[in-house]
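Working notes, structure below.
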Amino acid sequence: MRLSPLLLAAALVLGGLSAPAQAQASAKGPSAPAHASAKGPSAPAQAQASAKGPVGWDVYRRLDRLPELPVGVQTKQFSSFDRTGDNNDGFEGTYSCLSTTEQGCVIAEHTGAGEVQAIWFTRDGGDVSRTGRITVELDGRKVVDASLQDLVDGKLGAPFAYPLVGNADQSSGGVYVEVPMPFTRSMRITTEHNPLFHHVSYRTFADAEGVSTFDPADKAQDVIDRLKAGGDPKPAVPGARSQDAAIRLAPGQSVRVARTQGAGLLSAIKLKLPQAEQVLPETEADEGRAFGRNGSSEFTVKIDPANDGVRLTRRIDPAIGRQVAKVLVDGQQVAQWPPSRLGAAGMWAEEVVDLPASATKGKSQITIKNVFASSDLDYNEFTYWVDSAGKRTDTVDVGDAADEAAHHYTIVAQTWQGERTFAFPMDQPQLAKIRTAQEILQGLRLRITFDGRRTVDSPAGEFFGSGHAMLPVKSLMYAVDAATSTLSAWWPMPYRTGATVELFNDSGRTIEGRATVTSANRPVSGNVGYFRTQSRAGGTTPGTSWPFLRVSGAQGKFVGISHTMRGPTNRNYLEGDERVYVDGSRTPQIHGTGTEDFYQAGWYFNRETFSTPFHGNTAHLAPATGCPAENDCTGAYRLMIGDAVPFAGSLTFDIEHGWTNDVEGVYSSTAYWYGSDRSATAQTDSLTVGDPASERQHGYTGQGEVTTLESAFEGDFRNPVTLRATQRVTQAPVTFRLTIDRNNQGVELRRTSDQSVAGQHAEVTVNGRRLADWVQPLGNRTRRWLEDVYQIPAGVTRGQREITVQLAPKTPWSAASYTAWSLR
């Protein structure tokens with residue numbers, strides 16, 4: 001029987017085909033190497049390609065394979081983070097360039113096989129035109145060489161089209177590229193000018209089997225259309241059936257809404273919660289300007305000569321506190337704007353000043369001048385309303401060129417010009433509906449058990465991407481249709497003996513609605529993990545990062561986060577950086593530049609809320625729109641699909657709250673991940689460089705004076721991990737032996753080194769086979785210790801009990817230790 005493409009896809013992910021059939025199907029798939037014969041690659045090539053999981057466009061075309069746990073794959077990130085651990089993450093561009101060339105600022109570089117997955121920038125409020133051109137070179141070929149602003153505006157055309165790329169209006173202050181770009185030998189990304197804030201997330205592979213270099217001529221229109229359409233993005237699963245159940249839960253009650261038996265896959269979960277209504281605040285877009293110290297604005301307005309004074313009202317952005325300006329009428333100071341009250345970001349506020357009759361009575365027109373006196377930053381203005389003799393006599397629309405000309409508007413020492421879309425306060429009935437929705441979304445818990453073990457226990461709203469209120473979400477793996485109070489999720493969730501889906505009411509009110517769960521019976525085999533969540537809620541702890549996911553003794557991969565935040569109205573809690581530590585490494589593989597930057601936005605989400613397939617800012621509430629008094633509420637999510645973070649034994653994924661965990665807040669988060677119940681790595685040997693006994697035991701040969709270094713690793717500013725150890729720095733050849741597990745699926749060679757000299761580079765030979773060079777472009781003169789990993793493919797190590805490593809440095813090469821981690 002010949003399987004249809006959909007049947008073939010489902011059978012492959014669930015292990016329904018025999019090994020020979022899988023091999024043949026893999027050879028025909030899009031990830032097969034270009035040089036493969038018509039009969040497919042050799043058996044080792046098949047094994048390696050399968051171990052990586054989907055590559056290139058298959059990342060989005062084969063979302064049914066998301067539960068697979070890859071081997072020989074790491075996810076890493078280059079970013080502009082402050083190397084001292086403080087908060088200068090791009091403001092001055094100090095750490096933005098790994099190096100500079102004739103082309104400009106190198107921001108990412110790798111030697112070996114891999115895939116660029118997520119690129120993000122911001123500067124100048126989200127306008128990245130001053131960064132100039134961006135060049136992406138893969139395997140020695142320029143696949144992108146264009147204006148960065150044009151790229152993110154979609155002007156290059158498919159495959160660089162929304163939602164695979166987005167500008168600051170589409171991503172609220174940041175710009176991004178989510179086009180998967182594989183490479184087999186090398187990658188380098190350069191910008192013409194220092195880009196200030198950026199990150200580049202990429203995957204590295206132990207070998208290039210099954211990888212083809214990205215071709216920008218492949219428009220991937222099917223992927224773009226699928227992402228735009230929304231709904232379940234996975235290939236259809238034949239034989240799927242749905243179980244539907246009514247929900248009526250008193251406080252403290254639980255109900256089972258679906259149960260399956262045998263091996264299979266949960267493919268969709270839908271909840272309809274009509275009591276949790278959508279309530280949207282009224283918003284208005286308005287253009288405006290701001291001026292700073294030694295600045296002013298001036299304009300002419302009409303008034304009624306019969307006035308007994310004039311009232312001037314100004315619309316402002318209250319996120320800038322204590323704005324004070326002197327008011328002059330026809331050149332004479334007559335009043336002063338009172339210090340503006342610091343208000344919630346994203347909310348309009350109005351300030352009033354009364355102009356005395358002595359300066360206005362009998363006049364039909366006056367010229368008003370506002371002169372900067374003081375402010376936390378600058379003085380902003382969007383609209384002025386003029387009332388005299390009991391009626392509205394004029395309006396000045398700042399930012400509108402025609403209206404400014406009509407009122408002879410001028411400004412001195414301008415600091416900002418742009419448009420804001422902010423909300424107005426809600427009335428009490430609306431606020432009551434918001435609170436009801438919050439109680440339901442935060443109090444109703446979704447619980448899922450696979451093969452007798454509960455792996456999901458999360459608040460329903462946050463699980464579906466909207467923890468603060470019933471607000472629209474349209475992500476790749478879940479969505480909220482707020483207009484119908486319907487929440488849907490499409491994570492593929494395999495099981496071997498059965499699954500149970502339950503709802504528990506932890507709120508104080510009875511909850512009613514309906515639940516629909518879709519599943520299909522299918523055999524499951526291979527390296528597939530259970531779908532899991534890790535949910536936390538509570539106050540942040542000073543000096544300690546907020547944990548998204550902490551796992552030990554398991555293999556898995558992190559695929560996303562839904563994050564519900566509450567903090568001060570100045571939103572400084574958003575200064576926190578994310579950091580990701582994999583398999584016990586003391587150096588984070590991912591070190592970000594700010595919370596909204598992690599969600600691929602910018603400047604505290606300086607546009608409207610938004611939702612893309614990969615990331616979103618779903619909620620921004622103030623006290624007047626449903627956030628508790630004196631607080632700012634933000635909801636955000638990020639799905640890491642192509643840039644999922646695999647781990648073989650442990651993962652710590654944290655995020656700071658504030659610059660250095662110094663801003664208090666109340667957080668809730670739900671991390672999505674797939675995992676097994678066993679570790680897939682073990683440390684099998686370790687060489688301490690500079691220790692005579694260890695060097696003799698491992699046959700170490702190499703020159704370089706033995707020195708002692710005491711320094712810190714990158715990461716936590718307040719609680720750095722420090723190390724005092726011996727090391728050698730050499731440009732002479734180095735050789736050593738390490739014991740490995742004979743039944744390995746590859747080996748990760750971890751080096752502890754001094755990165756005070758950036759750009760270390762060595763040629764690598766293992767067991768007589770020349771491999772890709774070991775190139776580490778990072779450098780840090782403040783926190784000098786670095787742990788980096790070189791991936792040795794299974795084709796070199798499988799069946800061996802020992803490896804002999806030869807390094808031929810091409811630059812000064814530092815090492816304090818080498819550790820072998822055998823993958824299994």
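Note on naming: chains are A, B, ... as they come in the structure tokens, residues start from 1 per chain, ligands start from 1 in the order shown.
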
**Picked from stretch 338-479 of chain A by DSSP as strand (DSSP E or B), as a PyMOL selection string** = chain A and resi 347+349-355+365-374+379-381+383-388+391-397+410-423+444-450+453-459+473-474+478-479

Would you write out those residues with C-alpha atoms, as a PDB file, in the first residue's frame?
ATOM      1  CA  MET A 347      -3.006  55.299  29.278  1.00  0.00           C
ATOM      2  CA  ALA A 349      -3.954  61.524  30.874  1.00  0.00           C
ATOM      3  CA  GLU A 350      -4.984  65.160  30.809  1.00  0.00           C
ATOM      4  CA  GLU A 351      -3.514  68.165  32.638  1.00  0.00           C
ATOM      5  CA  VAL A 352      -5.187  71.574  33.091  1.00  0.00           C
ATOM      6  CA  VAL A 353      -3.818  75.078  33.629  1.00  0.00           C
ATOM      7  CA  ASP A 354      -5.914  78.261  34.024  1.00  0.00           C
ATOM      8  CA  LEU A 355      -4.718  81.418  32.306  1.00  0.00           C
ATOM      9  CA  GLN A 365      -6.379  85.391  19.773  1.00  0.00           C
ATOM     10  CA  ILE A 366      -3.383  84.690  21.987  1.00  0.00           C
ATOM     11  CA  THR A 367       0.043  83.092  21.505  1.00  0.00           C
ATOM     12  CA  ILE A 368       0.908  80.474  24.086  1.00  0.00           C
ATOM     13  CA  LYS A 369       4.456  79.381  24.807  1.00  0.00           C
ATOM     14  CA  ASN A 370       5.373  76.410  27.033  1.00  0.00           C
ATOM     15  CA  VAL A 371       8.945  76.568  28.364  1.00  0.00           C
ATOM     16  CA  PHE A 372      10.616  73.500  29.905  1.00  0.00           C
ATOM     17  CA  ALA A 373      11.153  73.806  33.670  1.00  0.00           C
ATOM     18  CA  SER A 374      11.733  70.218  34.876  1.00  0.00           C
ATOM     19  CA  TYR A 379       7.753  67.400  28.302  1.00  0.00           C
ATOM     20  CA  ASN A 380       5.316  65.745  25.895  1.00  0.00           C
ATOM     21  CA  GLU A 381       2.197  67.119  24.204  1.00  0.00           C
ATOM     22  CA  THR A 383      -3.471  67.735  21.863  1.00  0.00           C
ATOM     23  CA  TYR A 384      -4.412  71.079  23.422  1.00  0.00           C
ATOM     24  CA  TRP A 385      -8.016  72.163  24.027  1.00  0.00           C
ATOM     25  CA  VAL A 386      -8.898  75.789  24.637  1.00  0.00           C
ATOM     26  CA  ASP A 387     -12.047  76.776  26.586  1.00  0.00           C
ATOM     27  CA  SER A 388     -13.124  80.397  27.057  1.00  0.00           C
ATOM     28  CA  LYS A 391     -17.265  77.021  25.470  1.00  0.00           C
ATOM     29  CA  ARG A 392     -14.616  75.241  23.391  1.00  0.00           C
ATOM     30  CA  THR A 393     -13.008  77.863  21.167  1.00  0.00           C
ATOM     31  CA  ASP A 394     -10.031  76.022  19.671  1.00  0.00           C
ATOM     32  CA  THR A 395      -8.115  72.723  19.466  1.00  0.00           C
ATOM     33  CA  VAL A 396      -4.468  72.214  18.543  1.00  0.00           C
ATOM     34  CA  ASP A 397      -3.587  68.767  17.177  1.00  0.00           C
ATOM     35  CA  THR A 410       6.887  75.686  16.508  1.00  0.00           C
ATOM     36  CA  ILE A 411       9.074  73.590  18.787  1.00  0.00           C
ATOM     37  CA  VAL A 412      12.623  74.029  20.115  1.00  0.00           C
ATOM     38  CA  ALA A 413      14.943  71.232  21.387  1.00  0.00           C
ATOM     39  CA  GLN A 414      12.598  68.450  20.302  1.00  0.00           C
ATOM     40  CA  THR A 415      13.403  65.078  21.832  1.00  0.00           C
ATOM     41  CA  TRP A 416      10.680  62.900  20.336  1.00  0.00           C
ATOM     42  CA  GLN A 417       8.026  62.808  17.618  1.00  0.00           C
ATOM     43  CA  GLY A 418       5.655  59.950  16.904  1.00  0.00           C
ATOM     44  CA  GLU A 419       2.258  58.375  17.436  1.00  0.00           C
ATOM     45  CA  ARG A 420       0.834  56.600  20.452  1.00  0.00           C
ATOM     46  CA  THR A 421      -2.302  54.496  20.729  1.00  0.00           C
ATOM     47  CA  PHE A 422      -3.371  54.596  24.357  1.00  0.00           C
ATOM     48  CA  ALA A 423      -6.476  53.618  26.315  1.00  0.00           C
ATOM     49  CA  LEU A 444      -9.650  27.340  36.228  1.00  0.00           C
ATOM     50  CA  ARG A 445      -6.796  24.847  35.902  1.00  0.00           C
ATOM     51  CA  LEU A 446      -6.134  22.510  33.004  1.00  0.00           C
ATOM     52  CA  ARG A 447      -4.686  19.157  34.076  1.00  0.00           C
ATOM     53  CA  ILE A 448      -3.459  16.459  31.688  1.00  0.00           C
ATOM     54  CA  THR A 449      -2.182  12.994  32.595  1.00  0.00           C
ATOM     55  CA  PHE A 450      -0.188  10.854  30.150  1.00  0.00           C
ATOM     56  CA  ARG A 453       1.564  10.653  35.186  1.00  0.00           C
ATOM     57  CA  ARG A 454       0.229  14.204  35.355  1.00  0.00           C
ATOM     58  CA  THR A 455       2.556  16.471  33.371  1.00  0.00           C
ATOM     59  CA  VAL A 456       0.291  19.502  32.868  1.00  0.00           C
ATOM     60  CA  ASP A 457      -1.298  21.513  35.698  1.00  0.00           C
ATOM     61  CA  SER A 458      -1.674  25.138  34.632  1.00  0.00           C
ATOM     62  CA  PRO A 459      -4.077  28.084  34.832  1.00  0.00           C
ATOM     63  CA  VAL A 473      -4.253  35.694  20.842  1.00  0.00           C
ATOM     64  CA  LYS A 474      -3.218  34.225  17.494  1.00  0.00           C
ATOM     65  CA  TYR A 478      -2.620  28.261  20.615  1.00  0.00           C
ATOM     66  CA  ALA A 479      -5.175  31.023  20.179  1.00  0.00           C
TER      67      ALA A 479
END

**Request:** Tell me which protein, DNA and RNA residues are within 8 Å of A:Arg678, counting only C-alpha atoms, leaving out same-chain ones fewer than 2 positions away, and put them as a list in words.
**Result:** Gly553, Ala554, Gln555, Gly649, Ser676 and Ala680 of chain A

**Request:** Could you give me, as a list in words, the residues within 8 Å of A:His698, counting only C-alpha atoms and dropping anything in the same chain fewer than 6 positions from it?
**Result:** Leu687, Phe736, Arg737 and Leu738 of chain A

**Message:** Need to verify the contact set: A:Ile792, 7 Å, only C-alpha atoms, exclusion of same-chain residues closer than 6 positions in sequence. Can you return it as a list of chain:residue names?
**Reply:**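 The residues satisfying every condition are A:Ala206, A:Gly746, A:Val747, A:Glu748.
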
Let's have the selection written as a PDB file, in the first residue's frame, with all heavy atoms.
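That gives us again.pdb:
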ATOM      1  N   ALA A 206      25.996  18.601  15.264  1.00  0.00           N
ATOM      2  CA  ALA A 206      27.258  17.876  15.375  1.00  0.00           C
ATOM      3  C   ALA A 206      27.830  17.546  14.004  1.00  0.00           C
ATOM      4  O   ALA A 206      29.037  17.380  13.851  1.00  0.00           O
ATOM      5  CB  ALA A 206      27.058  16.598  16.188  1.00  0.00           C
ATOM      6  N   GLY A 746      27.191  10.293  20.240  1.00  0.00           N
ATOM      7  CA  GLY A 746      27.961  11.507  20.054  1.00  0.00           C
ATOM      8  C   GLY A 746      28.513  11.970  21.385  1.00  0.00           C
ATOM      9  O   GLY A 746      28.084  11.515  22.457  1.00  0.00           O
ATOM     10  N   VAL A 747      29.479  12.868  21.334  1.00  0.00           N
ATOM     11  CA  VAL A 747      30.137  13.362  22.539  1.00  0.00           C
ATOM     12  C   VAL A 747      30.188  14.878  22.483  1.00  0.00           C
ATOM     13  O   VAL A 747      30.465  15.469  21.429  1.00  0.00           O
ATOM     14  CB  VAL A 747      31.564  12.786  22.669  1.00  0.00           C
ATOM     15  CG1 VAL A 747      32.320  13.446  23.818  1.00  0.00           C
ATOM     16  CG2 VAL A 747      31.510  11.276  22.867  1.00  0.00           C
ATOM     17  N   GLU A 748      29.922  15.512  23.621  1.00  0.00           N
ATOM     18  CA  GLU A 748      30.082  16.951  23.743  1.00  0.00           C
ATOM     19  C   GLU A 748      31.333  17.215  24.575  1.00  0.00           C
ATOM     20  O   GLU A 748      31.438  16.754  25.718  1.00  0.00           O
ATOM     21  CB  GLU A 748      28.857  17.583  24.385  1.00  0.00           C
ATOM     22  CG  GLU A 748      27.629  17.498  23.488  1.00  0.00           C
ATOM     23  CD  GLU A 748      26.383  18.115  24.094  1.00  0.00           C
ATOM     24  OE1 GLU A 748      26.385  18.384  25.313  1.00  0.00           O
ATOM     25  OE2 GLU A 748      25.410  18.307  23.345  1.00  0.00           O
TER      26      GLU A 748
END

**Request:** Would you list the contacts of A:Phe614 as number ranges by chain, taking every protein, DNA or RNA residue within 8 Å and counting only C-alpha atoms, but skipping same-chain residues closer than 5 positions in sequence?
**Result:** A: 475-476, 638-640

**Item:** DSSP helix (DSSP H, G or I) residues within stretch 416-540 of chain A, as a list in words
**Value:**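 Checking each residue of stretch 416-540 of chain A, the helix (DSSP H, G or I) ones are Gln428, Pro429, Gln430, Leu431, Ala432, Lys433, Ile434, Arg435, Thr436, Ala437, Gln438, Glu439, Ile440, Leu441, Gln442, Gly443, Ala460, Gly461, Glu462, Phe463, Ala482, Ala483 and Thr484 of chain A.
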
**Prompt:** Residues at most 6 Å from A:Phe558, counting only C-alpha atoms, excluding those fewer than 3 positions away in the same chain, as number ranges by chain?
**Reply:** A: 644-645, 673

**Message:** Report, in Å to a single decimal, how far apart atom CA of A:Cys627 and atom CA of A:Asp577 are.
**Reply:**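 Pair atom CA of A:Asp577 / atom CA of A:Cys627 returns 23.8 Å.
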
**Asked** Which of these, A:Trp813, A:Gln745, A:Ala671, A:Ser212, has the shortest distance to A:Arg728 once you count only C-alpha atoms?
**Response**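 Looking at the shortest contact to A:Arg728, the residue is A:Trp813.
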
**Asked** For A:Gln261, which residue out of A:Val789, A:Gln600, A:Asp451, A:Pro492 is the nearest one, using only C-alpha atoms?
**Response**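 Under the stated criterion, the closest residue is A:Asp451.
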
**Prompt:** If we count only C-alpha atoms, what is near stretch 702-715 of chain A at a cut-off of 7 Å, once residues fewer than 5 positions away on the same chain are taken out, given as a ChimeraX atom specification?
**Reply:** /A:83,85,586-588,690,720-730,732-735,783-786

**atom CA of A:Gly362 to atom CA of A:Ala306, straight-line distance in Å** =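 Computing the Euclidean distance for atom CA of A:Ala306 and atom CA of A:Gly362 yields 6.0 Å.
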
**Asked** When distances are computed from only C-alpha atoms, which of A:Lys433, A:Arg341, A:Arg571, A:His657 shows the smallest separation from A:Ile316?
**Response**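 Checking each of A:Lys433, A:Arg341, A:Arg571, A:His657 against A:Ile316, counting only C-alpha atoms, the winner is A:Arg341.
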
Report the closest atom pair, with its distance in Å rounded to one decimal, for each residue of stretch 313-401 of chain A that has an atom no farther than 12 Å from stretch 601-606 of chain A; count only C-alpha atoms, sort by chain and then rising residue number, and write it as a Markdown table.
| residue | atom | partner | partner_atom | distance |
| --- | --- | --- | --- | --- |
| A:Asp317 | CA | A:Asn606 | CA | 11.6 |
| A:Ala319 | CA | A:Tyr604 | CA | 11.0 |
| A:Ala345 | CA | A:Tyr604 | CA | 9.0 |
| A:Gly346 | CA | A:Asn606 | CA | 8.2 |
| A:Met347 | CA | A:Asn606 | CA | 11.8 |

With 9 Å as the cut-off and only C-alpha atoms counted, what is the closest atom pair between each nearby residue of stretch 199-263 of chain A and stretch 113-121 of chain A? Distances in Å to one decimal, ordered by chain and number, as CSV.
residue,atom,partner,partner_atom,distance
A:His199,CA,A:Trp120,CA,5.3
A:Val200,CA,A:Ile119,CA,4.5
A:Ser201,CA,A:Ala118,CA,5.0
A:Tyr202,CA,A:Val116,CA,4.3
A:Arg203,CA,A:Glu115,CA,5.1
A:Thr204,CA,A:Gly114,CA,4.1
A:Phe205,CA,A:Gly114,CA,5.1
A:Ala206,CA,A:Ala113,CA,7.1
A:Asp207,CA,A:Ala113,CA,6.0
A:Ala208,CA,A:Ala113,CA,5.3
A:Glu209,CA,A:Ala113,CA,8.9
A:Val211,CA,A:Ala113,CA,7.9
A:Thr213,CA,A:Glu115,CA,9.0
A:Phe214,CA,A:Glu115,CA,8.8

Selection above as a file: C-alpha atoms, as a short mmCIF file (atom, residue, chain, number, x, y, z; two decimals), in the first residue's frame:
data_model
loop_
_atom_site.label_atom_id
_atom_site.label_comp_id
_atom_site.auth_asym_id
_atom_site.auth_seq_id
_atom_site.Cartn_x
_atom_site.Cartn_y
_atom_site.Cartn_z
CA HIS A 199 20.05 38.98 19.48
CA VAL A 200 20.61 36.09 17.07
CA SER A 201 19.29 32.67 18.10
CA TYR A 202 20.74 29.75 16.19
CA ARG A 203 21.13 25.99 16.35
CA THR A 204 24.37 24.06 15.98
CA PHE A 205 24.59 20.49 14.67
CA ALA A 206 27.26 17.88 15.37
CA ASP A 207 27.44 17.18 11.63
CA ALA A 208 25.90 18.33 8.34
CA GLU A 209 24.06 15.13 7.44
CA VAL A 211 21.27 19.67 6.05
CA THR A 213 22.15 25.43 2.70
CA PHE A 214 19.29 27.94 2.82
#

Once you count only C-alpha atoms, what closest atom pair and distance in Å to one decimal does each residue of stretch 597-671 of chain A within 10 Å of stretch 49-68 of chain A have, with rows by chain and rising residue number, as a tab-separated table?
residue	atom	partner	partner_atom	distance
A:Ile641	CA	A:Val59	CA	7.4
A:Gly642	CA	A:Val59	CA	5.8
A:Asp643	CA	A:Val59	CA	9.5
A:Ala644	CA	A:Leu66	CA	9.5
